[in-house]
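The data block below is upload.csv; it holds CSV, C-alpha atoms.
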chain,number,residue,atom,x,y,z
L,1,MET,CA,0.0,0.0,0.0
L,2,ASP,CA,1.2,3.5,-0.8
L,3,VAL,CA,0.1,6.1,1.7
L,4,GLN,CA,0.7,9.7,2.6
L,5,LEU,CA,1.5,10.3,6.3
L,6,LYS,CA,1.8,13.6,8.1
L,7,ILE,CA,4.7,13.2,10.5
L,8,ASN,CA,5.7,16.1,12.7
L,9,GLY,CA,4.0,18.5,10.3
L,10,LYS,CA,5.7,17.1,7.2
L,11,VAL,CA,3.9,15.1,4.6
L,12,THR,CA,5.7,12.0,3.6
L,13,LYS,CA,4.9,9.3,1.0
L,14,VAL,CA,5.6,5.8,2.3
L,15,SER,CA,5.0,2.3,1.1
L,16,ILE,CA,3.7,0.0,3.8
L,17,GLU,CA,2.5,-3.5,4.3
L,18,PRO,CA,-1.3,-3.6,5.0
L,19,ASP,CA,-0.8,-5.1,8.5
L,20,GLU,CA,2.2,-2.9,9.3
L,21,MET,CA,2.1,-1.2,12.7
L,22,LEU,CA,2.9,2.5,13.0
L,23,ILE,CA,6.1,1.9,15.1
L,24,LYS,CA,7.6,-0.1,12.2
L,25,THR,CA,6.9,2.6,9.7
L,26,LEU,CA,8.1,5.4,11.9
L,27,ARG,CA,11.4,3.7,12.7
L,28,ARG,CA,12.0,2.8,9.1
L,29,GLU,CA,11.5,6.6,8.3
L,30,GLY,CA,14.2,7.3,10.9
L,31,PHE,CA,12.2,8.3,14.0
L,32,TYR,CA,14.3,6.3,16.4
L,33,SER,CA,12.8,7.9,19.5
L,34,VAL,CA,9.9,5.5,19.0
L,35,ARG,CA,10.9,2.3,20.7
L,36,CYS,CA,9.5,-1.1,21.2
L,37,GLY,CA,9.5,-2.5,24.7
L,38,CYS,CA,6.8,-5.2,24.9
L,39,ASP,CA,4.9,-5.3,21.6
L,40,THR,CA,1.7,-6.2,23.6
L,41,MET,CA,0.3,-2.7,24.4
L,42,ASN,CA,1.6,-2.7,28.0
L,43,CYS,CA,4.7,-0.7,28.4
L,44,GLY,CA,4.1,2.6,26.7
L,45,LEU,CA,7.6,2.9,25.2
L,46,CYS,CA,6.1,3.3,21.7
L,47,THR,CA,3.8,6.2,22.7
L,48,VAL,CA,3.3,8.8,19.9
L,49,TRP,CA,0.5,11.3,19.4
L,50,ILE,CA,-2.3,11.0,16.8
L,51,ASP,CA,-4.1,14.3,16.5
L,52,GLY,CA,-2.6,15.2,19.9
L,53,ASP,CA,-3.9,12.1,21.7
L,54,THR,CA,-1.3,9.6,23.0
L,55,ILE,CA,-1.5,6.1,21.5
L,56,LEU,CA,0.6,3.0,21.3
L,57,SER,CA,2.2,2.8,17.9
L,58,CYS,CA,3.1,-0.9,18.4
L,59,SER,CA,-0.6,-1.7,17.9
L,60,TYR,CA,-1.8,1.1,15.7
L,61,PRO,CA,-2.1,0.0,12.1
L,62,THR,CA,-0.2,2.5,9.9
L,63,PHE,CA,-3.1,2.7,7.3
L,64,ARG,CA,-5.2,4.2,10.0
L,65,ALA,CA,-2.9,7.2,10.5
L,66,VAL,CA,-3.7,8.5,7.0
L,67,GLY,CA,-5.4,11.9,7.3
L,68,HIS,CA,-4.2,12.3,10.9
L,69,GLU,CA,-1.3,14.3,12.4
L,70,ILE,CA,1.4,12.0,13.8
L,71,THR,CA,3.7,13.6,16.4
L,72,THR,CA,6.9,11.9,17.7
L,73,LEU,CA,9.5,13.2,20.1
L,74,GLU,CA,11.5,14.5,17.2
L,75,GLY,CA,8.7,16.9,16.4
L,76,LEU,CA,8.9,18.3,19.9
L,77,ALA,CA,12.7,18.5,20.2
L,78,GLU,CA,12.9,21.9,21.9
L,79,GLU,CA,10.4,21.2,24.6
L,80,ALA,CA,11.7,17.6,24.9
L,81,ALA,CA,15.2,19.1,25.7
L,82,ILE,CA,13.7,21.1,28.6
L,83,LEU,CA,11.9,18.1,29.9
L,84,GLY,CA,15.0,16.0,29.4
L,85,ASP,CA,17.1,18.4,31.5
L,86,CYS,CA,14.4,18.4,34.3
L,87,LEU,CA,14.4,14.6,34.3
L,88,ALA,CA,18.1,14.4,34.3
L,89,SER,CA,18.4,16.9,37.2
L,90,GLU,CA,16.2,14.6,39.3
L,91,GLY,CA,18.2,11.5,38.4
L,92,ALA,CA,15.2,10.2,36.4
L,93,ASP,CA,17.0,9.1,33.3
L,94,GLN,CA,18.6,5.9,34.6
L,95,CYS,CA,18.9,3.5,31.7
L,96,GLY,CA,16.9,5.8,29.5
L,97,TYR,CA,15.2,3.2,27.4
L,98,CYS,CA,11.6,4.0,28.5
L,99,THR,CA,12.3,7.8,28.7
L,100,THR,CA,11.2,8.8,25.2
L,101,GLY,CA,7.7,7.2,25.5
L,102,MET,CA,7.3,8.5,29.0
L,103,MET,CA,8.2,12.0,27.7
L,104,MET,CA,5.4,11.8,25.1
L,105,SER,CA,2.9,11.2,27.9
L,106,ALA,CA,4.4,13.9,30.1
L,107,MET,CA,4.2,16.5,27.3
L,108,ALA,CA,0.6,15.4,26.6
L,109,VAL,CA,-0.3,16.0,30.3
L,110,ARG,CA,0.7,19.7,29.9
L,111,ARG,CA,-1.6,20.1,27.0
L,112,LYS,CA,-4.4,18.2,28.6
L,113,TYR,CA,-4.5,20.0,32.0
L,114,GLU,CA,-3.7,23.6,32.9
L,115,ASN,CA,-2.4,22.8,36.4
L,116,PRO,CA,-2.3,19.0,36.6
L,117,THR,CA,-2.2,17.5,40.1
L,118,GLU,CA,0.2,14.6,40.9
L,119,GLU,CA,-2.8,12.3,40.6
L,120,GLU,CA,-3.5,13.5,37.1
L,121,ILE,CA,0.1,13.2,36.1
L,122,ARG,CA,0.2,9.7,37.5
L,123,ASP,CA,-2.9,8.8,35.6
L,124,TYR,CA,-1.1,9.7,32.4
L,125,LEU,CA,1.9,7.7,33.4
L,126,VAL,CA,0.2,4.5,34.4
L,127,GLY,CA,0.7,3.2,30.8
L,128,ASN,CA,4.4,3.9,30.8
L,129,LEU,CA,6.5,1.2,32.5
L,130,CYS,CA,10.0,1.8,33.8
L,131,ARG,CA,12.0,-1.3,34.4
L,132,CYS,CA,14.5,0.7,36.5
L,133,THR,CA,11.4,1.7,38.6
L,134,GLY,CA,12.3,5.3,38.7
L,135,TYR,CA,8.8,6.4,39.1
L,136,GLU,CA,9.4,8.9,42.0
L,137,SER,CA,12.1,10.7,40.1
L,138,HIS,CA,9.9,10.8,37.0
L,139,MET,CA,7.3,12.5,39.0
L,140,ARG,CA,9.7,15.1,40.4
L,141,GLY,CA,11.2,15.7,37.0
L,142,ILE,CA,7.8,16.2,35.4
L,143,VAL,CA,6.6,18.5,38.1
L,144,LYS,CA,9.8,20.6,37.7
L,145,TYR,CA,9.3,20.6,33.9
L,146,LEU,CA,5.7,21.9,34.3
L,147,GLU,CA,6.9,24.7,36.5
L,148,VAL,CA,9.7,25.6,34.1
L,149,MET,CA,7.3,25.7,31.1
L,150,LYS,CA,4.9,27.8,33.2
L,151,SER,CA,7.6,30.3,34.3
L,152,GLN,CA,8.7,30.6,30.6
L,153,GLU,CA,5.1,31.1,29.7
L,154,VAL,CA,5.3,28.6,26.8
L,155,ALA,CA,1.8,28.0,25.5
L,156,PRO,CA,0.9,24.3,25.3
P,1,MET,CA,0.5,-10.1,16.1
P,2,LEU,CA,-2.6,-10.2,13.9
P,3,MET,CA,-1.4,-10.6,10.4
P,4,TYR,CA,-3.4,-9.9,7.2
P,5,ARG,CA,-2.7,-9.4,3.5
P,6,GLN,CA,-5.4,-7.0,2.7
P,7,VAL,CA,-7.5,-4.3,4.4
P,8,LEU,CA,-11.1,-4.0,3.2
P,9,GLN,CA,-12.3,-0.5,3.9
P,10,PRO,CA,-16.1,-0.2,3.6
P,11,SER,CA,-17.4,3.4,3.7
P,12,THR,CA,-21.0,2.7,4.5
P,13,LEU,CA,-22.7,0.4,7.0
P,14,GLU,CA,-24.5,-1.4,4.1
P,15,GLU,CA,-21.2,-2.1,2.4
P,16,ALA,CA,-19.7,-3.3,5.7
P,17,VAL,CA,-22.5,-5.9,6.4
P,18,GLU,CA,-22.3,-7.1,2.8
P,19,LEU,CA,-18.6,-7.8,3.3
P,20,MET,CA,-19.3,-9.5,6.6
P,21,LYS,CA,-21.8,-11.8,4.9
P,22,LYS,CA,-19.6,-12.6,1.9
P,23,GLN,CA,-16.6,-13.1,4.1
P,24,LYS,CA,-17.8,-15.0,7.1
P,25,TRP,CA,-14.4,-15.6,8.6
P,26,THR,CA,-12.9,-12.2,8.0
P,27,PRO,CA,-12.4,-10.4,11.3
P,28,LEU,CA,-13.6,-6.9,12.0
P,29,LEU,CA,-11.0,-4.4,13.0
P,30,ALA,CA,-12.3,-1.9,15.6
P,31,GLY,CA,-9.8,-0.3,18.0
P,32,GLY,CA,-7.2,-3.0,17.3
P,33,CYS,CA,-6.4,-3.6,20.9
P,34,TRP,CA,-5.5,-7.2,21.9
P,35,ILE,CA,-4.6,-8.1,18.3
P,36,GLY,CA,-1.0,-8.0,19.4
P,37,LEU,CA,-1.6,-11.1,21.6
P,38,GLY,CA,-2.5,-13.6,18.9
P,39,THR,CA,-0.5,-15.1,16.0
P,40,ARG,CA,-3.3,-15.7,13.6
P,41,LYS,CA,-2.9,-15.0,9.9
P,42,TYR,CA,-5.9,-13.8,7.9
P,43,PRO,CA,-6.2,-13.1,4.2
P,44,ALA,CA,-8.0,-9.9,5.0
P,45,VAL,CA,-9.6,-7.7,7.7
P,46,ILE,CA,-12.6,-5.4,7.5
P,47,ASP,CA,-11.6,-2.0,8.8
P,48,LEU,CA,-14.4,-0.2,10.6
P,49,SER,CA,-12.7,3.2,10.9
P,50,GLY,CA,-14.3,4.6,7.7
P,51,LEU,CA,-17.9,4.3,8.8
P,52,ASN,CA,-18.2,7.5,10.8
P,53,LEU,CA,-19.0,5.6,14.0
P,54,ARG,CA,-16.8,7.7,16.3
P,55,TYR,CA,-19.4,9.9,18.0
P,56,ILE,CA,-21.5,10.5,21.1
P,57,LYS,CA,-24.9,12.0,20.5
P,58,GLU,CA,-27.8,12.9,22.8
P,59,THR,CA,-31.5,12.7,22.2
P,60,GLU,CA,-34.1,13.7,24.7
P,61,SER,CA,-34.2,10.2,26.2
P,62,ASP,CA,-30.8,8.6,25.4
P,63,TYR,CA,-27.1,8.9,24.8
P,64,HIS,CA,-25.9,7.3,21.6
P,65,VAL,CA,-22.3,6.1,21.7
P,66,GLY,CA,-21.0,5.1,18.2
P,67,ALA,CA,-19.2,1.8,18.1
P,68,MET,CA,-15.9,3.4,17.2
P,69,ALA,CA,-16.0,6.0,20.0
P,70,THR,CA,-13.0,5.3,22.1
P,71,GLN,CA,-13.1,4.4,25.8
P,72,GLY,CA,-11.3,7.7,26.3
P,73,ASP,CA,-14.1,9.6,24.5
P,74,VAL,CA,-16.6,8.2,26.9
P,75,GLU,CA,-14.4,8.7,29.9
P,76,GLN,CA,-14.1,12.4,29.0
P,77,TYR,CA,-17.6,13.1,27.9
P,78,GLU,CA,-19.1,15.6,30.3
P,79,ALA,CA,-22.6,14.2,30.8
P,80,PHE,CA,-21.2,10.7,31.7
P,81,LYS,CA,-19.4,12.2,34.6
P,82,THR,CA,-22.7,12.7,36.4
P,83,LEU,CA,-24.9,10.0,34.9
P,84,GLY,CA,-25.2,7.3,37.6
P,85,LYS,CA,-22.7,9.2,39.6
P,86,GLY,CA,-20.1,8.7,36.9
P,87,ILE,CA,-20.3,4.9,36.9
P,88,LEU,CA,-19.1,4.6,33.3
P,89,PRO,CA,-16.0,6.9,33.4
P,90,LYS,CA,-15.1,5.3,36.8
P,91,ALA,CA,-15.2,1.8,35.2
P,92,ILE,CA,-13.3,2.9,32.2
P,93,HIS,CA,-10.6,4.7,34.2
P,94,THR,CA,-9.3,1.4,35.6
P,95,ILE,CA,-8.5,0.0,32.2
P,96,LEU,CA,-4.7,0.1,31.5
P,97,GLY,CA,-3.3,3.5,30.6
P,98,VAL,CA,-4.4,6.6,28.7
P,99,GLN,CA,-2.8,5.5,25.5
P,100,PHE,CA,-4.8,2.2,25.5
P,101,ARG,CA,-8.0,4.0,26.2
P,102,ASN,CA,-7.4,6.4,23.4
P,103,MET,CA,-7.4,3.4,21.0
P,104,ALA,CA,-9.8,0.8,22.5
P,105,THR,CA,-13.3,1.4,21.2
P,106,MET,CA,-16.6,1.0,23.0
P,107,GLY,CA,-17.9,-1.2,20.2
P,108,GLY,CA,-14.9,-3.5,20.4
P,109,SER,CA,-15.3,-3.7,24.2
P,110,VAL,CA,-18.9,-4.7,24.0
P,111,ALA,CA,-19.0,-6.8,20.8
P,112,ALA,CA,-16.1,-9.0,22.1
P,113,ARG,CA,-18.2,-9.7,25.2
P,114,PHE,CA,-15.0,-10.1,27.2
P,115,GLY,CA,-15.6,-11.8,30.5
P,116,PHE,CA,-13.0,-9.5,32.1
P,117,SER,CA,-14.7,-6.4,30.8
P,118,ASP,CA,-14.9,-3.5,33.3
P,119,ILE,CA,-17.4,-1.7,31.0
P,120,ILE,CA,-20.1,-4.3,30.4
P,121,PRO,CA,-21.4,-4.6,34.0
P,122,SER,CA,-21.7,-0.8,34.3
P,123,LEU,CA,-23.5,-0.6,30.9
P,124,LEU,CA,-25.9,-3.4,32.1
P,125,ALA,CA,-26.6,-1.5,35.2
P,126,LEU,CA,-27.4,1.6,33.1
P,127,ASP,CA,-29.9,-0.6,31.2
P,128,ALA,CA,-28.0,0.0,27.9
P,129,ARG,CA,-29.2,-1.3,24.6
P,130,VAL,CA,-27.3,-1.9,21.4
P,131,ARG,CA,-28.2,-1.2,17.8
P,132,LEU,CA,-27.1,-3.7,15.2
P,133,GLN,CA,-27.1,-3.0,11.5
P,134,GLU,CA,-29.2,-6.0,10.5
P,135,ASN,CA,-31.0,-7.1,13.7
P,136,GLY,CA,-31.9,-3.6,15.0
P,137,GLU,CA,-32.1,-2.7,18.7
P,138,MET,CA,-31.9,-5.1,21.6
P,139,SER,CA,-31.0,-5.0,25.2
P,140,LEU,CA,-27.3,-5.4,26.0
P,141,LEU,CA,-28.2,-8.3,28.2
P,142,GLU,CA,-29.8,-10.0,25.2
P,143,TYR,CA,-26.9,-9.1,23.0
P,144,LEU,CA,-24.4,-10.8,25.3
P,145,SER,CA,-25.8,-14.2,24.3
P,146,PHE,CA,-26.7,-13.2,20.7
P,147,THR,CA,-24.6,-15.3,18.3
P,148,ALA,CA,-25.5,-14.2,14.8
P,149,ARG,CA,-22.8,-12.2,13.0
P,150,ASP,CA,-23.9,-8.6,12.7
P,151,LEU,CA,-22.4,-5.2,12.9
P,152,LEU,CA,-22.7,-3.3,16.2
P,153,VAL,CA,-23.5,0.3,15.2
P,154,GLU,CA,-24.0,2.0,18.5
P,155,ILE,CA,-24.7,1.6,22.2
P,156,ILE,CA,-27.7,3.4,23.6
P,157,ILE,CA,-27.7,4.5,27.2
P,158,PRO,CA,-31.0,5.8,28.6
P,159,LYS,CA,-31.1,9.0,30.5
P,160,LYS,CA,-33.4,7.6,33.2
P,161,GLU,CA,-33.2,8.1,36.9
P,162,GLN,CA,-31.9,5.0,38.6
P,163,SER,CA,-29.5,4.1,41.4
P,164,VAL,CA,-26.5,2.2,40.1
P,165,ALA,CA,-23.2,1.0,41.4
P,166,ALA,CA,-20.3,-1.1,40.0
P,167,LEU,CA,-17.3,-2.8,41.5
P,168,ALA,CA,-14.3,-4.7,40.1
P,169,PHE,CA,-11.8,-6.7,42.2
P,170,ARG,CA,-8.3,-7.0,40.8
P,171,LYS,CA,-5.0,-8.2,42.2
P,172,SER,CA,-3.2,-5.0,41.2
P,173,VAL,CA,-3.8,-1.7,39.5
P,174,SER,CA,-4.2,-1.9,35.7
P,175,ASP,CA,-4.5,-5.8,35.8
P,176,PHE,CA,-7.7,-7.5,34.6
P,177,PRO,CA,-10.3,-7.8,37.3
P,178,TYR,CA,-10.8,-11.4,38.6
P,179,LEU,CA,-14.4,-10.4,39.4
P,180,SER,CA,-16.7,-7.6,38.4
P,181,GLY,CA,-20.2,-6.7,39.0
P,182,ALA,CA,-22.9,-4.0,39.0
P,183,ILE,CA,-26.3,-3.3,40.5
P,184,CYS,CA,-29.3,-1.3,39.4
P,185,LYS,CA,-32.3,-0.3,41.5
P,186,ASN,CA,-35.1,1.2,39.5
P,187,GLU,CA,-38.9,1.0,39.2
P,188,THR,CA,-38.7,-2.7,38.3
P,189,GLY,CA,-36.7,-3.5,41.4
P,190,TYR,CA,-33.1,-4.7,41.9
P,191,HIS,CA,-30.9,-6.1,39.1
P,192,ILE,CA,-27.6,-7.7,39.9
P,193,TYR,CA,-25.0,-8.4,37.2
P,194,VAL,CA,-21.8,-10.5,37.7
P,195,GLY,CA,-18.9,-10.6,35.3
P,196,GLY,CA,-15.3,-11.9,35.4
P,197,ARG,CA,-16.6,-15.3,36.5
P,198,PRO,CA,-14.3,-15.5,34.4
P,199,ALA,CA,-17.0,-15.9,31.7
P,200,ARG,CA,-19.0,-13.0,30.4
P,201,ALA,CA,-21.4,-11.0,32.6
P,202,ILE,CA,-24.8,-12.4,33.4
P,203,GLU,CA,-27.8,-11.2,35.5
P,204,ALA,CA,-28.3,-13.0,38.8
P,205,VAL,CA,-32.0,-13.0,38.3
P,206,LYS,CA,-33.1,-14.9,41.4
P,207,ALA,CA,-30.8,-12.9,43.7
P,208,GLY,CA,-32.3,-9.7,42.3
P,209,GLN,CA,-35.9,-10.9,42.7
P,210,ILE,CA,-35.3,-11.8,46.4
P,211,LEU,CA,-34.2,-8.2,47.1
P,212,THR,CA,-37.0,-6.8,45.0
P,213,SER,CA,-39.7,-8.8,46.9
P,214,GLN,CA,-38.3,-9.0,50.4
P,215,GLY,CA,-36.1,-5.9,50.6
P,216,THR,CA,-32.5,-5.6,51.9
P,217,GLU,CA,-33.5,-7.5,55.1
P,218,ALA,CA,-33.2,-10.6,52.9
P,219,LEU,CA,-29.6,-9.8,51.8
P,220,ALA,CA,-28.3,-13.1,53.2
P,221,LEU,CA,-30.9,-15.1,51.3
P,222,CYS,CA,-30.0,-13.0,48.2
P,223,LEU,CA,-26.3,-13.9,48.5
P,224,ASP,CA,-27.1,-17.6,48.9
P,225,ALA,CA,-29.2,-17.5,45.8
P,226,LEU,CA,-26.5,-15.6,44.0
P,227,VAL,CA,-23.8,-18.3,44.4
P,228,GLU,CA,-26.4,-20.9,43.7
P,229,GLU,CA,-27.4,-19.5,40.3
P,230,VAL,CA,-24.1,-17.9,39.1
P,231,ARG,CA,-21.5,-20.3,37.9
P,232,PHE,CA,-17.8,-19.5,38.6
P,233,GLN,CA,-14.7,-21.1,37.2
P,234,THR,CA,-11.0,-21.2,37.9
P,235,ASN,CA,-8.4,-19.6,35.7
P,236,SER,CA,-5.0,-17.9,36.2
P,237,HIS,CA,-6.4,-15.0,38.2
P,238,ALA,CA,-8.6,-16.8,40.8
P,239,SER,CA,-10.1,-20.1,41.7
P,240,ALA,CA,-13.8,-20.7,41.4
P,241,GLU,CA,-14.2,-21.0,45.2
P,242,TYR,CA,-12.4,-17.7,45.7
P,243,ARG,CA,-14.6,-16.0,43.1
P,244,GLN,CA,-17.7,-17.4,44.7
P,245,ALA,CA,-16.7,-16.2,48.2
P,246,MET,CA,-15.7,-12.7,46.8
P,247,ALA,CA,-18.9,-12.4,44.8
P,248,LYS,CA,-20.9,-12.4,48.1
P,249,VAL,CA,-18.7,-9.6,49.4
P,250,MET,CA,-19.0,-7.7,46.2
P,251,VAL,CA,-22.8,-7.9,45.9
P,252,LYS,CA,-23.1,-7.0,49.6
P,253,ARG,CA,-21.1,-3.8,49.0
P,254,LEU,CA,-23.0,-3.1,45.8
P,255,VAL,CA,-26.3,-3.3,47.7
P,256,GLN,CA,-25.0,-1.1,50.5
P,257,GLU,CA,-23.8,1.5,48.0
P,258,VAL,CA,-27.0,1.6,46.1
P,259,GLU,CA,-29.0,1.9,49.3
P,260,GLN,CA,-27.0,4.9,50.4
P,261,TRP,CA,-27.6,6.3,46.9
P,262,THR,CA,-31.3,6.3,47.4
P,263,CYS,CA,-31.1,8.0,50.8
P,264,ASN,CA,-29.0,10.9,49.5

Entire entry expressed as structure tokens:
Amino acid sequence: MDVQLKINGKVTKVSIEPDEMLIKTLRREGFYSVRCGCDTMNCGLCTVWIDGDTILSCSYPTFRAVGHEITTLEGLAEEAAILGDCLASEGADQCGYCTTGMMMSAMAVRRKYENPTEEEIRDYLVGNLCRCTGYESHMRGIVKYLEVMKSQEVAP
Amino acid sequence: MLMYRQVLQPSTLEEAVELMKKQKWTPLLAGGCWIGLGTRKYPAVIDLSGLNLRYIKETESDYHVGAMATQGDVEQYEAFKTLGKGILPKAIHTILGVQFRNMATMGGSVAARFGFSDIIPSLLALDARVRLQENGEMSLLEYLSFTARDLLVEIIIPKKEQSVAALAFRKSVSDFPYLSGAICKNETGYHIYVGGRPARAIEAVKAGQILTSQGTEALALCLDALVEEVRFQTNSHASAEYRQAMAKVMVKRLVQEVEQWTCN
């Protein structure tokens, strides 16, 4: 199947298998922030946005993404750098493998809620597993990032 | 992973059911959740995403939830936060993470009649109906044992006043429940539903009738009738005996909750 995808604002023509999942397409196109952890919709490592909503690209058929906006971490590089610094300063990076997917959830929280509570942040992170179990530091890092973004008055 | 060579993309409900009839063994692709867990290969799948079924509409008497509305759509829909004290978003909220709920559809959740469903008991308590393309409307309870192949178009939830409550017991957050249930108290009396047996949810008719005719004084009798009429089985999550014992606890709590409901 030949389809047109809009990835991080840029329209790209790709040739895909009918049953190809979005993660495979994105990685083939060079978006290596999208990682596969479990392949069974559990770990959240492959989180990307479709029209601003977080989804699991390991189980999202690519053909369904046609006509929708796909956003990966690469498309949010500037903001991701700020979030990355906040996470690192709290020691939340550890092995780093789950970080990119978790960051996609964290950046979605900011767009979803004006002043998210820890409960609301946690809700968004339930679907992002960390094998190093750095959950407390993730929380501190994300709270810090939300404060930084607010102080810099960056619109979601 | 579900594998297929071809995606059939009907753009009308009529086309979709024609395809379903012609290709009896071709699976329907709704939200596509769980497909990662199998290893079956199909020549084709019928994609339901082009049928404009992602909606939630209101009429004077009902809410109409399109089969392709996601669990997340329902969880965030303003009116459902108050309908039955938010029974539906509360049940949905316990299902895995935000990303999963942004993909899983209401139609998929209902049509698959999963025994572990968190959603089905709550919908039963709300007296929901379903509309099928060929067979028209029927109660959700009837649909749960309806075996003909038909396309689920929408779930219809009445706006009526009734006291409802739901519970699900699980070993840990975001796991499948090993037992689920819901209760409804309305003008026809008490209706008790038990799911995660682990088979699909059913109504414990006799148990409900005892409460309806004898009131909550007869709770002990109701619970005895419940374990008599509802069959439990053992699987990886719990034994039949454990489920049976916990079902009594669950229904007792449901009755207590629904009684408080009425007083408020």

Only residues of chain P matter here; which ones have an atom within 8 Å of chain L, counting all atoms listed in the file? Give them as a PDB file with C-alpha atoms, in the frame of the given file.
ATOM      1  CA  LEU P   2      -2.600 -10.200  13.900  1.00  0.00           C
ATOM      2  CA  MET P   3      -1.400 -10.600  10.400  1.00  0.00           C
ATOM      3  CA  TYR P   4      -3.400  -9.900   7.200  1.00  0.00           C
ATOM      4  CA  ARG P   5      -2.700  -9.400   3.500  1.00  0.00           C
ATOM      5  CA  GLN P   6      -5.400  -7.000   2.700  1.00  0.00           C
ATOM      6  CA  VAL P   7      -7.500  -4.300   4.400  1.00  0.00           C
ATOM      7  CA  GLY P  32      -7.200  -3.000  17.300  1.00  0.00           C
ATOM      8  CA  CYS P  33      -6.400  -3.600  20.900  1.00  0.00           C
ATOM      9  CA  TRP P  34      -5.500  -7.200  21.900  1.00  0.00           C
ATOM     10  CA  ILE P  35      -4.600  -8.100  18.300  1.00  0.00           C
ATOM     11  CA  GLY P  36      -1.000  -8.000  19.400  1.00  0.00           C
ATOM     12  CA  LEU P  37      -1.600 -11.100  21.600  1.00  0.00           C
ATOM     13  CA  SER P  49     -12.700   3.200  10.900  1.00  0.00           C
ATOM     14  CA  LEU P  96      -4.700   0.100  31.500  1.00  0.00           C
ATOM     15  CA  GLY P  97      -3.300   3.500  30.600  1.00  0.00           C
ATOM     16  CA  VAL P  98      -4.400   6.600  28.700  1.00  0.00           C
ATOM     17  CA  GLN P  99      -2.800   5.500  25.500  1.00  0.00           C
ATOM     18  CA  PHE P 100      -4.800   2.200  25.500  1.00  0.00           C
ATOM     19  CA  ASN P 102      -7.400   6.400  23.400  1.00  0.00           C
ATOM     20  CA  MET P 103      -7.400   3.400  21.000  1.00  0.00           C
ATOM     21  CA  SER P 174      -4.200  -1.900  35.700  1.00  0.00           C
TER      22      SER P 174
END

Per-residue nearest contacts region 126-226 of chain P to region 67-78 of chain P, cut-off 12 Å, using all atoms listed in the file, as a tab-separated table:
residue	atom	partner	partner_atom	distance
P:Val130	CA	P:Ala67	CA	9.5
P:Arg131	CA	P:Ala67	CA	9.5
P:Leu132	CA	P:Ala67	CA	10.1
P:Gln133	CA	P:Ala67	CA	11.4
P:Leu151	CA	P:Ala67	CA	9.3
P:Leu152	CA	P:Ala67	CA	6.5
P:Val153	CA	P:Ala67	CA	5.4
P:Glu154	CA	P:Ala67	CA	4.8
P:Ile155	CA	P:Ala67	CA	6.9
P:Ile156	CA	P:Ala67	CA	10.2
P:Ile157	CA	P:Val74	CA	11.7

Could you list, as a list in words, every residue within 10 Å of region 249-257 of chain P, counting only C-alpha atoms and ignoring same-chain residues fewer than 5 positions away?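 My list of contacting residues is Ser163, Val164, Ala165, Ala166, Leu167, Ala168, Phe169, Leu179, Ser180, Gly181, Ala182, Ile183, Cys184, Lys185, Tyr190, Ile192, Tyr193, Val194, Ala207, Leu211, Thr216, Leu219, Ala220, Cys222, Leu223, Leu226, Arg243, Gln244 and Thr262 of chain P.
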
Taking into account only C-alpha atoms, which residue in the set L:Cys132, L:Leu76, L:Leu87, L:Met103 is nearest to Lys144 (chain L)? L:Leu87

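Between CA of Ala225 (chain P) and CA of Glu203 (chain P) the separation is 12.2 Å.
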
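Straight-line separation from CA of Thr94 (chain P) to CA of Tyr178 (chain P): 13.2 Å.
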
Distance CA of Pro198 (chain P)-CA of Phe176 (chain P), one decimal place?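 These two atoms are separated by 10.4 Å.
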
What's around region 65-71 of chain L at 7 Å? Count all atoms listed in the file, leave out sequence neighbours fewer than 2 positions away in its own chain, and write the answer as a VMD selection string. chain L and resid 3 to 8 48 to 51 62 to 63 73 75

Distance query Arg140 (chain L) at most 10 Å, only C-alpha atoms, self and fewer than 2 positions along chain excluded, as an MDAnalysis selection string: chainID L and resid 86:87 89:92 118 135:138 142:146

Which residue is closest to Pro121 (chain P)? Choose from P:Lys22, P:His64, P:Gln209, P:Leu88 and count only C-alpha atoms. P:Leu88
